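Structure data (TSV, C-alpha atoms and all ligand atoms) from upload-v1.tsv:
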```tsv
chain	number	residue	atom	x	y	z
I	39	MET	CA	73.87	120.30	80.81
I	40	THR	CA	74.16	116.51	80.77
I	41	GLU	CA	72.36	114.56	78.04
I	42	ALA	CA	69.40	114.08	80.37
I	43	GLY	CA	69.22	117.84	80.99
I	44	PHE	CA	70.82	118.07	84.44
I	45	THR	CA	73.32	120.83	85.23
I	46	PRO	CA	76.72	119.25	85.96
I	47	ARG	CA	77.32	119.17	89.70
I	48	VAL	CA	79.95	117.28	91.66
I	49	PHE	CA	79.36	115.74	95.10
I	50	SER	CA	81.63	113.60	97.23
I	51	GLY	CA	82.03	112.69	100.87
I	52	ILE	CA	84.63	111.40	103.30
I	53	GLN	CA	84.03	109.89	106.74
I	54	PRO	CA	85.48	111.83	109.65
I	55	SER	CA	86.58	108.71	111.44
I	56	GLY	CA	90.26	109.57	111.96
I	57	ASN	CA	93.48	108.59	110.19
I	58	LEU	CA	93.00	110.51	106.95
I	59	HIS	CA	95.58	108.76	104.77
I	60	LEU	CA	97.37	108.80	101.43
I	61	GLY	CA	94.63	106.66	99.83
I	62	ASN	CA	92.00	109.25	100.78
I	63	TYR	CA	94.27	111.98	99.43
I	64	LEU	CA	95.17	110.41	96.08
I	65	GLY	CA	91.84	108.64	95.53
I	66	ALA	CA	89.67	111.57	96.54
I	67	LEU	CA	90.91	114.85	98.04
I	68	LYS	CA	93.59	115.63	95.45
I	69	ARG	CA	91.12	115.04	92.64
I	70	PHE	CA	88.38	117.16	94.22
I	71	ALA	CA	90.30	120.38	93.65
I	72	ASP	CA	90.43	119.57	89.91
I	73	ALA	CA	86.63	119.75	89.55
I	74	GLN	CA	86.48	122.95	91.56
I	75	ASN	CA	89.20	124.52	89.44
I	76	GLN	CA	87.37	123.60	86.24
I	77	GLY	CA	84.53	125.78	87.53
I	78	ILE	CA	82.04	122.94	88.09
I	79	GLN	CA	79.82	123.49	91.14
I	80	SER	CA	81.27	121.18	93.77
I	81	ILE	CA	79.86	120.04	97.09
I	82	TYR	CA	82.01	118.17	99.62
I	83	CYS	CA	80.73	116.63	102.77
I	84	MET	CA	82.24	115.32	106.01
I	85	VAL	CA	79.85	112.40	106.42
I	86	ASP	CA	79.54	112.25	110.20
I	87	LEU	CA	76.23	110.34	110.04
I	88	HIS	CA	78.03	107.60	108.11
I	89	ALA	CA	80.87	107.57	110.64
I	90	VAL	CA	78.47	106.78	113.51
I	91	THR	CA	77.29	103.57	111.86
I	92	VAL	CA	80.09	102.21	114.06
I	93	TRP	CA	80.56	103.69	117.54
I	94	GLN	CA	82.62	106.88	117.65
I	95	ASP	CA	84.02	108.58	120.69
I	96	PRO	CA	82.22	111.98	120.72
I	97	ALA	CA	85.35	114.06	121.42
I	98	GLU	CA	87.26	112.23	118.70
I	99	LEU	CA	84.43	112.61	116.19
I	100	ARG	CA	84.36	116.35	116.82
I	101	HIS	CA	88.12	116.57	116.39
I	102	SER	CA	88.17	114.35	113.27
I	103	THR	CA	85.39	116.34	111.61
I	104	ARG	CA	87.32	119.58	112.04
I	105	GLU	CA	90.59	117.94	111.04
I	106	LEU	CA	88.97	116.55	107.90
I	107	ALA	CA	87.67	120.01	107.03
I	108	ALA	CA	91.23	121.30	107.49
I	109	GLY	CA	92.41	118.47	105.19
I	110	PHE	CA	89.94	119.53	102.49
I	111	ILE	CA	91.08	123.15	102.65
I	112	ALA	CA	94.78	122.25	102.82
I	113	SER	CA	94.30	120.07	99.71
I	114	GLY	CA	93.21	123.09	97.71
I	115	LEU	CA	89.47	123.32	98.27
I	116	ASP	CA	88.40	126.90	98.60
I	117	PRO	CA	85.34	127.24	100.84
I	118	ALA	CA	84.31	130.32	98.88
I	119	LYS	CA	84.16	128.31	95.63
I	120	SER	CA	83.18	124.82	96.80
I	121	ILE	CA	80.58	124.02	99.43
I	122	LEU	CA	82.17	122.31	102.46
I	123	PHE	CA	79.99	121.12	105.32
I	124	ASN	CA	79.27	118.26	107.67
I	125	GLN	CA	76.35	116.01	106.87
I	126	SER	CA	74.47	116.16	110.19
I	127	GLN	CA	73.91	119.91	109.78
I	128	VAL	CA	71.72	119.34	106.72
I	129	ALA	CA	68.72	117.27	107.83
I	130	GLU	CA	67.62	116.68	104.23
I	131	HIS	CA	70.26	113.90	103.95
I	132	SER	CA	68.54	111.82	106.64
I	133	GLN	CA	65.07	112.65	105.36
I	134	LEU	CA	65.84	111.58	101.79
I	135	ALA	CA	67.69	108.52	103.13
I	136	TRP	CA	64.42	107.35	104.69
I	137	VAL	CA	62.70	107.61	101.32
I	138	PHE	CA	65.52	105.59	99.76
I	139	ASN	CA	65.29	102.98	102.53
I	140	CYS	CA	61.81	102.42	101.13
I	141	VAL	CA	63.02	102.31	97.51
I	142	ALA	CA	66.07	100.05	97.93
I	143	ARG	CA	65.45	96.32	98.20
I	144	MET	CA	66.86	94.06	100.93
I	145	GLY	CA	68.52	91.91	98.27
I	146	TRP	CA	70.39	94.90	96.85
I	147	MET	CA	71.74	95.84	100.26
I	148	GLN	CA	72.70	92.28	101.10
I	149	ARG	CA	75.00	92.21	98.09
I	150	MET	CA	77.11	95.14	99.30
I	151	THR	CA	80.64	93.83	99.82
I	152	GLN	CA	81.62	96.73	102.09
I	153	PHE	CA	78.89	95.75	104.56
I	154	LYS	CA	80.09	92.15	104.50
I	155	ASP	CA	83.70	93.27	105.05
I	156	LYS	CA	82.86	95.70	107.83
I	157	ALA	CA	80.33	93.56	109.65
I	158	GLY	CA	82.63	90.55	109.41
I	159	LYS	CA	81.48	87.25	110.86
I	160	ASN	CA	79.23	88.93	113.38
I	161	ALA	CA	76.69	90.55	111.02
I	162	GLN	CA	73.85	90.00	113.52
I	163	ASN	CA	75.59	92.39	115.84
I	164	ALA	CA	76.22	95.14	113.25
I	165	SER	CA	74.10	98.29	113.52
I	166	LEU	CA	71.05	98.69	111.32
I	167	GLY	CA	72.68	101.93	110.17
I	168	LEU	CA	75.70	100.06	108.82
I	169	PHE	CA	73.37	97.92	106.71
I	170	ALA	CA	71.40	100.95	105.44
I	171	TYR	CA	74.60	102.97	104.88
I	172	PRO	CA	74.46	102.92	101.05
I	173	ALA	CA	70.92	104.36	101.01
I	174	LEU	CA	72.17	107.34	103.02
I	175	MET	CA	75.03	107.65	100.55
I	176	ALA	CA	72.56	107.72	97.65
I	177	ALA	CA	70.66	110.45	99.51
I	178	ASP	CA	73.86	112.49	99.95
I	179	ILE	CA	74.37	112.49	96.21
I	180	LEU	CA	70.81	112.75	94.95
I	181	ALA	CA	69.73	115.47	97.42
I	182	TYR	CA	71.80	117.75	95.19
I	183	HIS	CA	70.95	116.12	91.86
I	184	ALA	CA	74.72	115.54	91.59
I	185	THR	CA	75.75	114.25	88.19
I	186	HIS	CA	79.37	113.29	88.93
I	187	VAL	CA	80.92	111.67	91.99
I	188	PRO	CA	84.71	111.41	92.23
I	189	VAL	CA	85.71	108.52	94.51
I	190	GLY	CA	88.26	105.75	94.94
I	191	GLU	CA	87.59	102.34	93.44
I	192	ASP	CA	86.24	100.87	96.69
I	193	GLN	CA	83.09	103.02	96.37
I	194	LYS	CA	82.13	101.75	92.93
I	195	GLN	CA	79.50	99.29	94.12
I	196	HIS	CA	77.84	101.94	96.30
I	197	LEU	CA	77.60	104.25	93.30
I	198	GLU	CA	76.02	101.52	91.21
I	199	LEU	CA	73.42	101.15	93.94
I	200	THR	CA	72.85	104.92	93.87
I	201	ARG	CA	72.09	104.63	90.15
I	202	ASP	CA	69.72	101.72	90.81
I	203	ILE	CA	67.90	103.70	93.51
I	204	ALA	CA	67.53	106.76	91.25
I	205	ALA	CA	66.28	104.63	88.36
I	206	LYS	CA	63.79	102.74	90.55
I	207	PHE	CA	62.40	105.93	92.08
I	208	ASN	CA	62.02	107.50	88.61
I	209	ASN	CA	60.39	104.34	87.32
I	210	ASP	CA	58.09	103.78	90.33
I	211	PHE	CA	56.68	107.30	90.06
I	212	GLY	CA	56.89	107.72	86.29
I	213	VAL	CA	59.19	110.75	86.51
I	214	ASP	CA	62.62	111.77	85.30
I	215	PHE	CA	63.50	113.44	88.55
I	216	PHE	CA	66.78	112.01	89.85
I	217	PRO	CA	69.87	111.97	87.59
I	218	ILE	CA	71.67	108.69	86.94
I	219	THR	CA	74.96	109.73	88.50
I	220	GLU	CA	78.33	109.01	86.88
I	221	PRO	CA	81.09	107.66	89.11
I	222	VAL	CA	84.42	109.34	88.35
I	223	ILE	CA	87.15	106.81	89.13
I	224	GLU	CA	90.16	107.90	87.11
I	225	GLY	CA	93.93	107.93	87.40
I	226	THR	CA	96.60	105.94	89.21
I	227	GLY	CA	95.52	106.97	92.72
I	228	THR	CA	92.09	105.38	92.91
I	229	ARG	CA	93.32	102.20	94.56
I	230	VAL	CA	96.26	102.80	96.88
I	231	MET	CA	97.34	99.60	98.59
I	232	SER	CA	98.75	98.93	102.07
I	233	LEU	CA	102.52	99.50	102.41
I	234	ARG	CA	102.74	96.16	104.24
I	235	ASP	CA	100.64	94.02	101.89
I	236	GLY	CA	100.09	94.83	98.21
I	237	SER	CA	96.90	92.77	98.11
I	238	LYS	CA	95.04	94.90	100.73
I	239	LYS	CA	93.90	98.46	100.23
I	240	MET	CA	95.40	101.18	102.38
I	241	SER	CA	92.85	101.68	105.11
I	242	LYS	CA	92.27	103.75	108.23
I	243	SER	CA	91.24	100.64	110.13
I	244	ASP	CA	94.41	98.60	109.50
I	245	PRO	CA	95.87	97.94	112.97
I	246	SER	CA	99.41	98.59	111.66
I	247	ASP	CA	100.20	102.29	111.35
I	248	MET	CA	103.14	101.29	109.12
I	249	SER	CA	100.61	100.14	106.48
I	250	ARG	CA	99.56	103.71	105.68
I	251	ILE	CA	100.85	107.25	105.40
I	252	ASN	CA	98.62	109.57	107.40
I	253	LEU	CA	98.15	113.14	106.28
I	254	THR	CA	99.26	114.18	109.77
I	255	ASP	CA	102.59	112.26	109.59
I	256	ASP	CA	105.73	114.39	109.73
I	257	ALA	CA	108.50	114.22	107.12
I	258	ASP	CA	110.62	111.69	109.06
I	259	THR	CA	107.67	109.36	109.60
I	260	ILE	CA	106.70	109.50	105.92
I	261	ALA	CA	110.28	108.70	104.84
I	262	ARG	CA	110.58	105.86	107.39
I	263	LYS	CA	107.29	104.25	106.32
I	264	ILE	CA	108.34	104.31	102.66
I	265	ARG	CA	111.80	102.95	103.48
I	266	LYS	CA	110.20	100.07	105.39
I	267	ALA	CA	107.46	99.42	102.80
I	268	LYS	CA	107.29	95.78	101.76
I	269	THR	CA	108.86	95.03	98.36
I	270	ASP	CA	110.32	92.04	96.56
I	271	PRO	CA	114.10	91.69	96.07
I	272	GLU	CA	114.13	92.42	92.31
I	273	PRO	CA	114.84	95.89	90.93
I	274	LEU	CA	112.00	97.70	89.14
I	275	PRO	CA	111.36	96.25	85.69
I	276	SER	CA	112.09	98.38	82.64
I	277	GLU	CA	108.52	98.18	81.34
I	278	VAL	CA	105.02	98.48	82.83
I	279	LYS	CA	104.28	94.89	81.84
I	280	GLY	CA	106.93	93.68	84.26
I	281	LEU	CA	104.86	95.04	87.17
I	282	GLU	CA	102.18	92.40	86.71
I	283	GLU	CA	102.30	89.87	89.57
I	284	ARG	CA	104.37	92.34	91.62
I	285	PRO	CA	101.67	94.10	93.65
I	286	GLU	CA	103.98	95.92	96.09
I	287	ALA	CA	106.20	97.29	93.31
I	288	ARG	CA	103.14	98.26	91.30
I	289	ASN	CA	101.69	100.09	94.30
I	290	LEU	CA	104.83	102.18	94.89
I	291	VAL	CA	105.00	103.07	91.18
I	292	ASN	CA	101.30	104.03	91.19
I	293	ILE	CA	101.79	106.20	94.26
I	294	TYR	CA	104.75	107.91	92.60
I	295	ALA	CA	102.74	108.52	89.42
I	296	ALA	CA	99.73	109.90	91.29
I	297	LEU	CA	101.84	112.21	93.48
I	298	ALA	CA	103.88	113.49	90.54
I	299	ASP	CA	100.88	113.81	88.17
I	300	MET	CA	102.65	111.44	85.77
I	301	SER	CA	101.47	108.36	83.91
I	302	VAL	CA	102.85	104.96	84.93
I	303	ASP	CA	104.68	104.88	81.58
I	304	GLN	CA	106.42	108.15	82.39
I	305	VAL	CA	107.46	106.86	85.82
I	306	MET	CA	108.86	103.70	84.24
I	307	ALA	CA	110.81	105.77	81.74
I	308	GLU	CA	112.40	107.61	84.67
I	309	ALA	CA	112.77	104.85	87.24
I	310	GLY	CA	112.63	101.54	85.32
I	311	GLY	CA	115.55	99.24	86.21
I	312	LYS	CA	116.35	101.03	89.48
I	313	ALA	CA	116.78	99.04	92.71
I	314	PHE	CA	114.33	99.84	95.51
I	315	SER	CA	117.28	101.19	97.50
I	316	GLU	CA	117.34	103.97	94.90
I	317	PHE	CA	113.61	104.25	94.08
I	318	LYS	CA	112.33	104.39	97.66
I	319	PRO	CA	114.34	107.55	98.56
I	320	MET	CA	113.04	109.17	95.33
I	321	LEU	CA	109.50	108.32	96.35
I	322	ALA	CA	110.08	109.45	99.94
I	323	ASP	CA	111.39	112.84	98.75
I	324	LEU	CA	108.43	113.29	96.44
I	325	ALA	CA	105.91	112.27	99.12
I	326	VAL	CA	107.45	114.66	101.65
I	327	GLU	CA	107.55	117.47	99.08
I	328	LYS	CA	103.84	117.02	98.28
I	329	LEU	CA	102.43	116.05	101.68
I	330	ALA	CA	104.43	118.14	104.19
I	331	PRO	CA	102.80	121.43	103.08
I	332	ILE	CA	99.37	119.81	103.48
I	333	SER	CA	100.00	118.55	107.00
I	334	GLY	CA	101.60	121.90	107.90
I	335	GLU	CA	98.54	123.77	106.64
I	336	MET	CA	96.21	121.36	108.45
I	337	SER	CA	97.88	122.02	111.80
I	338	ARG	CA	97.82	125.76	111.16
I	339	LEU	CA	94.08	125.64	110.40
I	340	MET	CA	93.40	123.48	113.46
I	341	GLN	CA	94.66	126.29	115.68
I	342	ASP	CA	91.44	128.17	114.95
I	343	VAL	CA	88.58	125.70	115.21
I	344	SER	CA	85.98	128.44	115.47
I	345	GLU	CA	86.93	129.51	111.94
I	346	ILE	CA	86.53	125.90	110.74
I	347	ASP	CA	83.13	125.68	112.44
I	348	ARG	CA	82.12	128.93	110.77
I	349	ILE	CA	83.12	127.55	107.33
I	350	LEU	CA	81.13	124.35	107.93
I	351	GLY	CA	78.09	126.30	109.13
I	352	ASN	CA	78.18	128.56	106.11
I	353	GLY	CA	78.62	125.55	103.78
I	354	ALA	CA	75.66	123.83	105.45
I	355	ASP	CA	73.43	126.87	104.81
I	356	ARG	CA	74.38	126.85	101.12
I	357	ALA	CA	73.94	123.08	100.87
I	358	ARG	CA	70.49	123.24	102.49
I	359	ALA	CA	69.40	125.89	100.02
I	360	ILE	CA	69.95	123.34	97.23
I	361	ALA	CA	68.74	120.20	99.00
I	362	ALA	CA	65.55	121.54	100.62
I	363	PRO	CA	63.62	122.21	97.38
I	364	ILE	CA	64.74	118.85	95.96
I	365	LEU	CA	63.42	117.06	99.06
I	366	ARG	CA	60.14	119.03	98.89
I	367	GLN	CA	59.70	118.01	95.26
I	368	THR	CA	60.48	114.40	96.15
I	369	TYR	CA	57.75	114.43	98.80
I	370	GLU	CA	55.37	116.11	96.38
I	371	ILE	CA	56.01	113.43	93.73
I	372	MET	CA	55.29	110.77	96.35
I	373	GLY	CA	52.02	112.37	97.43
I	374	MET	CA	53.01	113.75	100.81
I	375	VAL	CA	50.86	116.72	101.76
I	376	GLY	CA	52.78	119.91	102.54
I	377	PRO	CA	53.63	123.39	101.29
I	378	ARG	CA	53.97	123.49	97.52
I	379	GLU	CA	56.89	124.81	95.51
I	380	VAL	CA	56.30	128.43	94.57
I	401	LIG	P1	85.82	106.81	102.98
I	401	LIG	O1	85.66	107.82	104.05
I	401	LIG	O2	86.13	105.41	103.38
I	401	LIG	O3	86.93	107.27	101.96
I	401	LIG	C1	86.92	108.57	101.40
I	401	LIG	C2	87.42	108.55	99.98
I	401	LIG	O4	88.74	108.00	99.91
I	401	LIG	C3	88.76	106.92	98.97
I	401	LIG	N1	89.71	105.90	99.44
I	401	LIG	C4	90.72	105.44	98.70
I	401	LIG	N2	91.13	105.75	97.44
I	401	LIG	C5	92.21	105.10	96.97
I	401	LIG	N3	92.90	104.15	97.68
I	401	LIG	C6	92.51	103.82	98.94
I	401	LIG	N4	93.21	102.92	99.64
I	401	LIG	C7	91.39	104.47	99.50
I	401	LIG	N5	90.74	104.38	100.68
I	401	LIG	C8	89.72	105.27	100.64
I	401	LIG	C9	87.34	106.39	98.95
I	401	LIG	O5	87.08	105.68	97.76
I	401	LIG	C10	86.54	107.67	99.05
I	401	LIG	O6	86.41	108.30	97.79
I	401	LIG	N6	81.11	105.82	101.68
I	401	LIG	C11	82.19	106.77	101.52
I	401	LIG	C12	81.83	108.17	101.97
I	401	LIG	C13	80.61	108.75	101.34
I	401	LIG	C14	80.47	109.23	100.02
I	401	LIG	C15	79.15	109.72	99.92
I	401	LIG	C16	81.34	109.29	98.92
I	401	LIG	C17	79.41	108.95	101.97
I	401	LIG	N7	78.55	109.54	101.12
I	401	LIG	C18	78.65	110.28	98.74
I	401	LIG	C19	80.82	109.85	97.73
I	401	LIG	C20	79.52	110.33	97.65
I	401	LIG	C21	83.36	106.31	102.36
I	401	LIG	O7	83.21	105.60	103.32
I	401	LIG	O8	84.55	106.83	102.01
```
Please express what this file holds, its structure, as structure tokens.
Ligand code: TYM
Amino acid sequence: MTEAGFTPRVFSGIQPSGNLHLGNYLGALKRFADAQNQGIQSIYCMVDLHAVTVWQDPAELRHSTRELAAGFIASGLDPAKSILFNQSQVAEHSQLAWVFNCVARMGWMQRMTQFKDKAGKNAQNASLGLFAYPALMAADILAYHATHVPVGEDQKQHLELTRDIAAKFNNDFGVDFFPITEPVIEGTGTRVMSLRDGSKKMSKSDPSDMSRINLTDDADTIARKIRKAKTDPEPLPSEVKGLEERPEARNLVNIYAALADMSVDQVMAEAGGKAFSEFKPMLADLAVEKLAPISGEMSRLMQDVSEIDRILGNGADRARAIAAPILRQTYEIMGMVGPREV
């Protein structure tokens, strides 16, 4: 139980919009298995309704959703222990999102930096869904009364909004119904940067494929991308402090630490003072060792999409069984007439 009396429950989501990359793996997927293995009830969602806030090719969306499910399983998530499903199969997400559209304030949404980044200069032409995106995200989490949400650093502001929405709903109706969710943003992998520019995060939408390592890249491609990663001419410093002001070097050290389950201090003890001509092959070997089995398992799983669809359908049934009573109670609190909880 949390202090406020909620049973610990983990929820997180990833968009099935293609190019699942090392940032998604280190910032999210790799950490998801930890919660599952600690025996905490864990719910993981392929957020297809979020993906369509920008236009998606239907055939590609279908493929990416299944490939993402394969990525979850290949990263150690066991569909018998964790609940894995795609968002559109559980209508409660959209229904609760509407309620939260009515709770969230325009001003709150206008402050969301991700909307500003994604909409760019042409915000008038962005979809209404892209603007309302964080309210759907709050619904994803709160439909399960999730208490902990593991994510990368870029989702922090959305999780703060989720807390604000929960608190406002509780306050508006004088209840203690929705938990105030804790973001879990821990470790060296929560902000993986582009391999071409240490000041930009690694992202699926970067036009340069050399900027990221995709989970579907083969061993040669992974090694080549690391060899070509931007660095400065100096060797690695001997201490962590020396990485300040050296974003590209810092990024490669962070990636090494996250892949090896080491602290940055431990990596520096092993690799401090080495030239990149020596460190990059070490990193490439490690990345191939850790990622090749995942991409191999993903392609194996993708040979049987009907099995993936069955897993997602089964996960959706289990997810709905949790979310449906929470939505009914939400409606009840708000005064909507309908069948009562028995
Ligand atoms: P998405 O699909 O952009 O990313 C999925 C997860 O990967 C993390 N991530 C990164 N971590 C470290 N370094 C990076 N360069 C990097 N890029 C991405 C993200 O932080 C995220 O954890 N809005 C969410 C999806 C979502 C969600 C939710 C998450 C919808 N509903 C409910 C948690 C709970 C998103 O677009 O993530």
Distance cut-off 9 Å, centre (83.3, 111.5, 109.1) in file coordinates, counting all atoms listed in the file: which residues qualify? Return them as a list in words.
Gly51, Ile52, Gln53, Pro54, Ser55, Gly56, Cys83, Met84, Val85, Asp86, Leu87, His88, Ala89, Val90, Leu99, Ser102, Thr103, Leu106, Asn124 and Gln125 of chain I
Generate a file of the selected residues that holds C-alpha atoms, formatted as a PDB file, keeping the file's coordinate frame.
```pdb
ATOM      1  CA  GLY I  51      82.030 112.690 100.870  1.00  0.00           C
ATOM      2  CA  ILE I  52      84.630 111.400 103.300  1.00  0.00           C
ATOM      3  CA  GLN I  53      84.030 109.890 106.740  1.00  0.00           C
ATOM      4  CA  PRO I  54      85.480 111.830 109.650  1.00  0.00           C
ATOM      5  CA  SER I  55      86.580 108.710 111.440  1.00  0.00           C
ATOM      6  CA  GLY I  56      90.260 109.570 111.960  1.00  0.00           C
ATOM      7  CA  CYS I  83      80.730 116.630 102.770  1.00  0.00           C
ATOM      8  CA  MET I  84      82.240 115.320 106.010  1.00  0.00           C
ATOM      9  CA  VAL I  85      79.850 112.400 106.420  1.00  0.00           C
ATOM     10  CA  ASP I  86      79.540 112.250 110.200  1.00  0.00           C
ATOM     11  CA  LEU I  87      76.230 110.340 110.040  1.00  0.00           C
ATOM     12  CA  HIS I  88      78.030 107.600 108.110  1.00  0.00           C
ATOM     13  CA  ALA I  89      80.870 107.570 110.640  1.00  0.00           C
ATOM     14  CA  VAL I  90      78.470 106.780 113.510  1.00  0.00           C
ATOM     15  CA  LEU I  99      84.430 112.610 116.190  1.00  0.00           C
ATOM     16  CA  SER I 102      88.170 114.350 113.270  1.00  0.00           C
ATOM     17  CA  THR I 103      85.390 116.340 111.610  1.00  0.00           C
ATOM     18  CA  LEU I 106      88.970 116.550 107.900  1.00  0.00           C
ATOM     19  CA  ASN I 124      79.270 118.260 107.670  1.00  0.00           C
ATOM     20  CA  GLN I 125      76.350 116.010 106.870  1.00  0.00           C
TER      21      GLN I 125
END
```
Which centre and edge lengths in Å to one decimal define the box along x, y and z that fits every listed atom of ligand LIG 401 (chain I) plus 3 Å per side, as AutoDock Vina command-line options?
```
--center_x 85.9 --center_y 106.6 --center_z 100.5 --size_x 20.7 --size_y 13.4 --size_z 13.1
```
Counting all atoms listed in the file, what residues are within 8 Å of ligand LIG 401 (chain I), given as a PyMOL selection string?
chain I and resi 49-55+59-67+83+85+88-89+171-172+174-176+178-179+187-194+196-197+227-232+239-242
May I have a table of the residues of range 253-341 of chain I lying at most 12 Å from range 114-121 of chain I, giving each one's closest pair of atoms and their distance in Å to one decimal, counting all atoms listed in the file, ordered by chain and ascending residue number, as CSV?
```
residue,atom,partner,partner_atom,distance
I:Pro331,CA,I:Gly114,CA,11.1
I:Ile332,CA,I:Gly114,CA,9.1
I:Glu335,CA,I:Gly114,CA,10.4
I:Met336,CA,I:Gly114,CA,11.3
```
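Ranking I:Asp303, I:Asn57, I:Gln148, I:Gln94 by their shortest atom-to-atom distance to Ser246 in chain I, with only C-alpha atoms included, puts I:Asn57 first.
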For Met300 in chain I, find every residue with an atom within 12 Å (counting all atoms listed in the file), except residues of its own chain fewer than 6 positions away, and show them as an mmCIF file with C-alpha atoms, in the frame of the given file.
```
data_model
loop_
_atom_site.group_PDB
_atom_site.id
_atom_site.type_symbol
_atom_site.label_atom_id
_atom_site.label_comp_id
_atom_site.auth_asym_id
_atom_site.auth_seq_id
_atom_site.Cartn_x
_atom_site.Cartn_y
_atom_site.Cartn_z
ATOM 1 C CA GLY I 225 93.930 107.930 87.400
ATOM 2 C CA THR I 226 96.600 105.940 89.210
ATOM 3 C CA GLY I 227 95.520 106.970 92.720
ATOM 4 C CA VAL I 291 105.000 103.070 91.180
ATOM 5 C CA ASN I 292 101.300 104.030 91.190
ATOM 6 C CA ILE I 293 101.790 106.200 94.260
ATOM 7 C CA TYR I 294 104.750 107.910 92.600
ATOM 8 C CA MET I 306 108.860 103.700 84.240
ATOM 9 C CA ALA I 307 110.810 105.770 81.740
ATOM 10 C CA GLU I 308 112.400 107.610 84.670
#
```
Please produce, as a Markdown table, a per-residue contact table for range 91-153 of chain I versus range 249-272 of chain I (criterion: any atom at most 12 Å away, all atoms listed in the file considered), showing the nearest atom pair and its distance in Å to one decimal, sorted by chain then residue number.
```
| residue | atom | partner | partner_atom | distance |
| --- | --- | --- | --- | --- |
| I:Ser102 | CA | I:Thr254 | CA | 11.6 |
| I:Glu105 | CA | I:Thr254 | CA | 9.5 |
| I:Leu106 | CA | I:Leu253 | CA | 9.9 |
| I:Ala108 | CA | I:Leu253 | CA | 10.8 |
| I:Gly109 | CA | I:Leu253 | CA | 7.9 |
| I:Phe110 | CA | I:Leu253 | CA | 11.1 |
| I:Ala112 | CA | I:Leu253 | CA | 10.3 |
| I:Ser113 | CA | I:Leu253 | CA | 10.3 |
```
Have a look at I:Ala296, I:Val141, I:Leu166, I:Ile346 and name the one nearest to Asn209 in chain I; count all atoms listed in the file.
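Ranking I:Ala296, I:Val141, I:Leu166, I:Ile346 by distance to Asn209 in chain I, first place goes to I:Val141.
When all atoms listed in the file are used to compute distances to Glu130 in chain I, the closest of the residues I:Met374, I:Val278, I:Ala359, I:Leu324 turns out to be I:Ala359.
Using only C-alpha atoms, the smallest distance between any of I:Pro96, I:Pro273, I:Gly43, I:Pro221 and Gln195 in chain I comes from I:Pro221.
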Point out the residue among I:Arg100, I:Lys68, I:Arg338, I:Arg284 with the least atom-to-atom distance to Gly236 in chain I, counting all atoms listed in the file.
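For Gly236 in chain I, the nearest of the candidates is I:Arg284.
Pairwise distance (CA of Asp299 in chain I, CA of Ser243 in chain I) equals 27.4 Å.
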Using all atoms listed in the file, pick whichever of I:Leu233, I:Ala71, I:Asp95, I:Ala177 has the shortest atom-to-atom distance to Phe216 in chain I.
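Looking at the shortest contact to Phe216 in chain I, the residue is I:Ala177.
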Near-Ile218 in chain I list (12 Å; only C-alpha atoms; drop same-chain fewer than 4 positions) as an MDAnalysis selection string:
chainID I and resid 40:44 46 176 179:180 183:187 197:208 214
Using all atoms listed in the file, which protein or nucleic acid residues come within 12 Å of Gln133 in chain I? Drop anything in the same chain fewer than 4 positions from it, and give the result as number ranges by chain.
I: 125-126, 128-129, 137-140, 173-174, 176-178, 180-181, 361-362, 364-366, 368-369
